[in-house]
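Below: the structure, in structure tokens.
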Amino acid sequence: VLVHGKGGYPPEMLRMTTTLHERGINALLISYVNDPGVPASSDGRYGYGTAEVPQVEAALSYALDQGAERIILGGVSHGAAIVLGTLQTSDLADSVDAVILDSPPADLATNIDAIGDTRSLPVVGLPIPESLESVAMLITQWLFHLDFDDFDHITGASDITAPTLIFQGGLDTTVDASVARALVAAMGPGAILVEQPRAQHVGSWNVDPEAYASALGTFLDGAGL
């Protein structure tokens, strides 16, 4: 069951599907709330692993009902956050045997802080002060009635027991590589991080598709898939 990124389409997941099909593994590429042609959420905003969980649960239930014996759950970018949210909140999490993530925004607050450290104030060119970042986040929470804790999938990641493979680009300016490293550290020895130093966001396959497929194949071998 594969989950594409925000504003993307299911075919985005072909980067994973090819290797899966070579092993005789069926793939279900899903859509979710706020996708083109799919009903919007009540507030019209993406949930980063909150509002979209019911759609993933429906896909998992369908796969199991069709006789699936083992389940791989994968996602890229926002889709990876949806996967993490599902694994941490759904009653069907125990049915997942392996996890594949690409460029996961596992904690929005941590990512905003990390990305902010790489940016400068306009005109003056000085680094953005931490105090200004904190105020901006507080205002965002107040204006949009958000709680960044709802989008923190690093805290509690140790509860995810399925073997996990994470791809991350070293030049990613959308999801900082430090977020993936923190997620792997929180998950423990069951998680494997594959960093592509020349890749931008969700670009590891684009930079070196053979290395991507090889890493995925090795992970599947280790997971008995």
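Residue names in the structure tokens use chain letters A, B, ... in the order shown, residue numbers from 1 in each chain, and ligand numbers from 1 in the order shown.
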So that I can check the surroundings of Glu22 in chain A, please list as a list of chain:residue names every protein, DNA and RNA residue that reaches within 12 Å of it, counting only C-alpha atoms and ignoring chain neighbours fewer than 2 positions away. A:Met16, A:Thr17, A:Thr18, A:Thr19, A:Leu20, A:Gly24, A:Ile25, A:Asn26, A:Ala27, A:Ala213, A:Leu216, A:Gly217, A:Leu220, A:Leu225
With N, CA and C atoms retained, could you export that selection as a short mmCIF file (atom, residue, chain, number, x, y, z; two decimals), in the first residue's frame?
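Just written: result.cif:
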data_model
loop_
_atom_site.label_atom_id
_atom_site.label_comp_id
_atom_site.auth_asym_id
_atom_site.auth_seq_id
_atom_site.Cartn_x
_atom_site.Cartn_y
_atom_site.Cartn_z
N MET A 16 8.94 2.98 -6.37
CA MET A 16 8.98 1.81 -5.48
C MET A 16 8.33 0.59 -6.14
N THR A 17 7.29 0.85 -6.92
CA THR A 17 6.47 -0.25 -7.45
C THR A 17 7.26 -1.19 -8.35
N THR A 18 8.17 -0.64 -9.15
CA THR A 18 8.93 -1.48 -10.09
C THR A 18 9.67 -2.60 -9.37
N THR A 19 10.38 -2.25 -8.31
CA THR A 19 11.12 -3.26 -7.55
C THR A 19 10.17 -4.25 -6.89
N LEU A 20 9.05 -3.78 -6.39
CA LEU A 20 8.07 -4.66 -5.76
C LEU A 20 7.51 -5.66 -6.77
N GLY A 24 7.14 -10.03 -7.46
CA GLY A 24 5.80 -10.60 -7.43
C GLY A 24 4.91 -10.02 -6.35
N ILE A 25 5.25 -8.82 -5.88
CA ILE A 25 4.46 -8.17 -4.83
C ILE A 25 3.47 -7.20 -5.47
N ASN A 26 2.19 -7.39 -5.21
CA ASN A 26 1.17 -6.49 -5.73
C ASN A 26 1.26 -5.14 -5.02
N ALA A 27 0.92 -4.08 -5.74
CA ALA A 27 0.97 -2.74 -5.16
C ALA A 27 -0.38 -2.05 -5.33
N ALA A 213 16.95 1.18 -6.22
CA ALA A 213 16.36 -0.15 -6.35
C ALA A 213 17.17 -1.18 -5.59
N LEU A 216 16.45 -0.85 -1.88
CA LEU A 216 15.11 -1.36 -1.60
C LEU A 216 15.10 -2.89 -1.65
N GLY A 217 15.79 -3.46 -2.64
CA GLY A 217 15.84 -4.91 -2.75
C GLY A 217 16.54 -5.55 -1.57
N LEU A 220 14.20 -5.47 1.40
CA LEU A 220 13.14 -6.48 1.29
C LEU A 220 13.67 -7.87 1.58
N LEU A 225 10.97 -10.50 2.45
CA LEU A 225 9.94 -10.22 1.46
C LEU A 225 10.49 -10.34 0.04
#
DSSP on the backbone: what in range 17-81 of chain A comes out alpha helix (DSSP H), as an mmCIF file with N, CA and C atoms, in the first residue's frame?
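Contents of part-v4.cif, as written:
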data_model
loop_
_atom_site.group_PDB
_atom_site.id
_atom_site.type_symbol
_atom_site.label_atom_id
_atom_site.label_comp_id
_atom_site.auth_asym_id
_atom_site.auth_seq_id
_atom_site.Cartn_x
_atom_site.Cartn_y
_atom_site.Cartn_z
ATOM 1 N N THR A 17 7.293 0.845 -6.919
ATOM 2 C CA THR A 17 6.472 -0.252 -7.449
ATOM 3 C C THR A 17 7.261 -1.190 -8.353
ATOM 4 N N THR A 18 8.173 -0.643 -9.147
ATOM 5 C CA THR A 18 8.926 -1.477 -10.093
ATOM 6 C C THR A 18 9.668 -2.596 -9.367
ATOM 7 N N THR A 19 10.378 -2.255 -8.310
ATOM 8 C CA THR A 19 11.121 -3.261 -7.552
ATOM 9 C C THR A 19 10.174 -4.255 -6.892
ATOM 10 N N LEU A 20 9.049 -3.776 -6.388
ATOM 11 C CA LEU A 20 8.074 -4.664 -5.757
ATOM 12 C C LEU A 20 7.511 -5.660 -6.765
ATOM 13 N N HIS A 21 7.159 -5.175 -7.947
ATOM 14 C CA HIS A 21 6.585 -6.058 -8.961
ATOM 15 C C HIS A 21 7.586 -7.102 -9.427
ATOM 16 N N GLU A 22 8.859 -6.746 -9.475
ATOM 17 C CA GLU A 22 9.879 -7.717 -9.874
ATOM 18 C C GLU A 22 9.916 -8.899 -8.911
ATOM 19 N N VAL A 53 -5.568 9.303 7.654
ATOM 20 C CA VAL A 53 -5.423 7.930 8.163
ATOM 21 C C VAL A 53 -6.591 7.024 7.750
ATOM 22 N N PRO A 54 -7.844 7.492 7.774
ATOM 23 C CA PRO A 54 -8.941 6.596 7.382
ATOM 24 C C PRO A 54 -8.797 6.037 5.964
ATOM 25 N N GLN A 55 -8.233 6.834 5.039
ATOM 26 C CA GLN A 55 -8.064 6.320 3.674
ATOM 27 C C GLN A 55 -7.020 5.198 3.635
ATOM 28 N N VAL A 56 -5.946 5.342 4.418
ATOM 29 C CA VAL A 56 -4.939 4.283 4.467
ATOM 30 C C VAL A 56 -5.534 3.037 5.124
ATOM 31 N N GLU A 57 -6.318 3.243 6.170
ATOM 32 C CA GLU A 57 -6.961 2.099 6.825
ATOM 33 C C GLU A 57 -7.872 1.361 5.853
ATOM 34 N N ALA A 58 -8.589 2.106 5.022
ATOM 35 C CA ALA A 58 -9.470 1.474 4.041
ATOM 36 C C ALA A 58 -8.661 0.637 3.056
ATOM 37 N N ALA A 59 -7.495 1.154 2.647
ATOM 38 C CA ALA A 59 -6.637 0.412 1.717
ATOM 39 C C ALA A 59 -6.073 -0.843 2.372
ATOM 40 N N LEU A 60 -5.637 -0.731 3.627
ATOM 41 C CA LEU A 60 -5.126 -1.898 4.345
ATOM 42 C C LEU A 60 -6.220 -2.955 4.508
ATOM 43 N N SER A 61 -7.414 -2.518 4.867
ATOM 44 C CA SER A 61 -8.530 -3.458 5.035
ATOM 45 C C SER A 61 -8.852 -4.151 3.716
ATOM 46 N N TYR A 62 -8.830 -3.395 2.630
ATOM 47 C CA TYR A 62 -9.106 -3.978 1.314
ATOM 48 C C TYR A 62 -8.068 -5.035 0.975
ATOM 49 N N ALA A 63 -6.793 -4.708 1.178
ATOM 50 C CA ALA A 63 -5.725 -5.663 0.860
ATOM 51 C C ALA A 63 -5.872 -6.936 1.677
ATOM 52 N N LEU A 64 -6.162 -6.794 2.950
ATOM 53 C CA LEU A 64 -6.333 -7.960 3.815
ATOM 54 C C LEU A 64 -7.552 -8.778 3.398
ATOM 55 N N ASP A 65 -8.633 -8.090 3.025
ATOM 56 C CA ASP A 65 -9.848 -8.781 2.595
ATOM 57 C C ASP A 65 -9.624 -9.552 1.293
ATOM 58 N N HIS A 78 4.846 14.037 2.106
ATOM 59 C CA HIS A 78 3.635 14.084 2.926
ATOM 60 C C HIS A 78 3.017 12.699 3.088
ATOM 61 N N GLY A 79 3.137 11.880 2.050
ATOM 62 C CA GLY A 79 2.639 10.506 2.153
ATOM 63 C C GLY A 79 3.366 9.711 3.212
ATOM 64 N N ALA A 80 4.657 10.011 3.422
ATOM 65 C CA ALA A 80 5.413 9.334 4.478
ATOM 66 C C ALA A 80 4.907 9.743 5.857
ATOM 67 N N ALA A 81 4.520 11.011 6.004
ATOM 68 C CA ALA A 81 3.927 11.452 7.269
ATOM 69 C C ALA A 81 2.599 10.745 7.517
#
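If you count only C-alpha atoms and ignore residues fewer than 6 places along the chain from Thr164 in chain A, what sits within 8 Å of it is Ala98, Val99, Ile100, Leu101, Gly190, Ala191 and Ile192 of chain A.
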Selection to disk with all heavy atoms, as a PDB file, in the first residue's frame:
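Saved as out.pdb:
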ATOM      1  N   ALA A  98       6.354  -4.305   6.958  1.00  0.00           N
ATOM      2  CA  ALA A  98       7.536  -3.527   6.582  1.00  0.00           C
ATOM      3  C   ALA A  98       7.086  -2.143   6.140  1.00  0.00           C
ATOM      4  O   ALA A  98       5.956  -1.952   5.665  1.00  0.00           O
ATOM      5  CB  ALA A  98       8.319  -4.210   5.467  1.00  0.00           C
ATOM      6  N   VAL A  99       7.994  -1.168   6.291  1.00  0.00           N
ATOM      7  CA  VAL A  99       7.673   0.229   6.003  1.00  0.00           C
ATOM      8  C   VAL A  99       8.773   0.820   5.123  1.00  0.00           C
ATOM      9  O   VAL A  99       9.965   0.602   5.363  1.00  0.00           O
ATOM     10  CB  VAL A  99       7.556   1.042   7.312  1.00  0.00           C
ATOM     11  CG1 VAL A  99       7.212   2.501   7.018  1.00  0.00           C
ATOM     12  CG2 VAL A  99       6.526   0.418   8.249  1.00  0.00           C
ATOM     13  N   ILE A 100       8.368   1.588   4.102  1.00  0.00           N
ATOM     14  CA  ILE A 100       9.309   2.288   3.232  1.00  0.00           C
ATOM     15  C   ILE A 100       8.920   3.763   3.203  1.00  0.00           C
ATOM     16  O   ILE A 100       7.787   4.105   2.845  1.00  0.00           O
ATOM     17  CB  ILE A 100       9.298   1.733   1.800  1.00  0.00           C
ATOM     18  CG1 ILE A 100       9.454   0.217   1.794  1.00  0.00           C
ATOM     19  CG2 ILE A 100      10.382   2.391   0.955  1.00  0.00           C
ATOM     20  CD1 ILE A 100       9.111  -0.417   0.450  1.00  0.00           C
ATOM     21  N   LEU A 101       9.849   4.639   3.562  1.00  0.00           N
ATOM     22  CA  LEU A 101       9.589   6.074   3.587  1.00  0.00           C
ATOM     23  C   LEU A 101      10.623   6.791   2.734  1.00  0.00           C
ATOM     24  O   LEU A 101      11.786   6.408   2.696  1.00  0.00           O
ATOM     25  CB  LEU A 101       9.652   6.610   5.018  1.00  0.00           C
ATOM     26  CG  LEU A 101       8.787   5.906   6.072  1.00  0.00           C
ATOM     27  CD1 LEU A 101       9.087   6.477   7.457  1.00  0.00           C
ATOM     28  CD2 LEU A 101       7.313   6.039   5.744  1.00  0.00           C
ATOM     29  N   GLY A 190      15.692  -1.192  14.176  1.00  0.00           N
ATOM     30  CA  GLY A 190      14.827  -1.708  13.109  1.00  0.00           C
ATOM     31  C   GLY A 190      14.711  -0.767  11.927  1.00  0.00           C
ATOM     32  O   GLY A 190      14.091  -1.117  10.920  1.00  0.00           O
ATOM     33  N   ALA A 191      15.295   0.439  12.024  1.00  0.00           N
ATOM     34  CA  ALA A 191      15.197   1.430  10.950  1.00  0.00           C
ATOM     35  C   ALA A 191      16.540   1.590  10.248  1.00  0.00           C
ATOM     36  O   ALA A 191      17.593   1.625  10.882  1.00  0.00           O
ATOM     37  CB  ALA A 191      14.740   2.768  11.509  1.00  0.00           C
ATOM     38  N   ILE A 192      16.488   1.698   8.928  1.00  0.00           N
ATOM     39  CA  ILE A 192      17.676   1.866   8.094  1.00  0.00           C
ATOM     40  C   ILE A 192      17.544   3.169   7.319  1.00  0.00           C
ATOM     41  O   ILE A 192      16.518   3.409   6.665  1.00  0.00           O
ATOM     42  CB  ILE A 192      17.836   0.695   7.113  1.00  0.00           C
ATOM     43  CG1 ILE A 192      17.992  -0.624   7.868  1.00  0.00           C
ATOM     44  CG2 ILE A 192      19.021   0.926   6.175  1.00  0.00           C
ATOM     45  CD1 ILE A 192      17.906  -1.845   6.963  1.00  0.00           C
TER      46      ILE A 192
END
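The space between CA of Leu2 in chain A and CA of Arg198 in chain A spans 24.6 Å.
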Of A:Ser103, A:Pro209, A:Ala68, A:Ala186, the one sitting nearest Leu171 in chain A when using only C-alpha atoms is A:Ser103
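Ranking A:Leu14, A:Ala51, A:Met187, A:Ile30 by their shortest atom-to-atom distance to Ile82 in chain A, with only C-alpha atoms included, puts A:Ala51 first.
Coordinates place CA of Leu165 in chain A at a distance of 14.5 Å from CA of Ala177 in chain A.
Restricting the calculation to only C-alpha atoms, the smallest distance between Asp107 in chain A and any of A:Ser178, A:Ser204, A:Ser95, A:Ser214 is found for A:Ser178.
The coordinates place CA of Val33 in chain A at 11.9 Å from CA of Gly5 in chain A.
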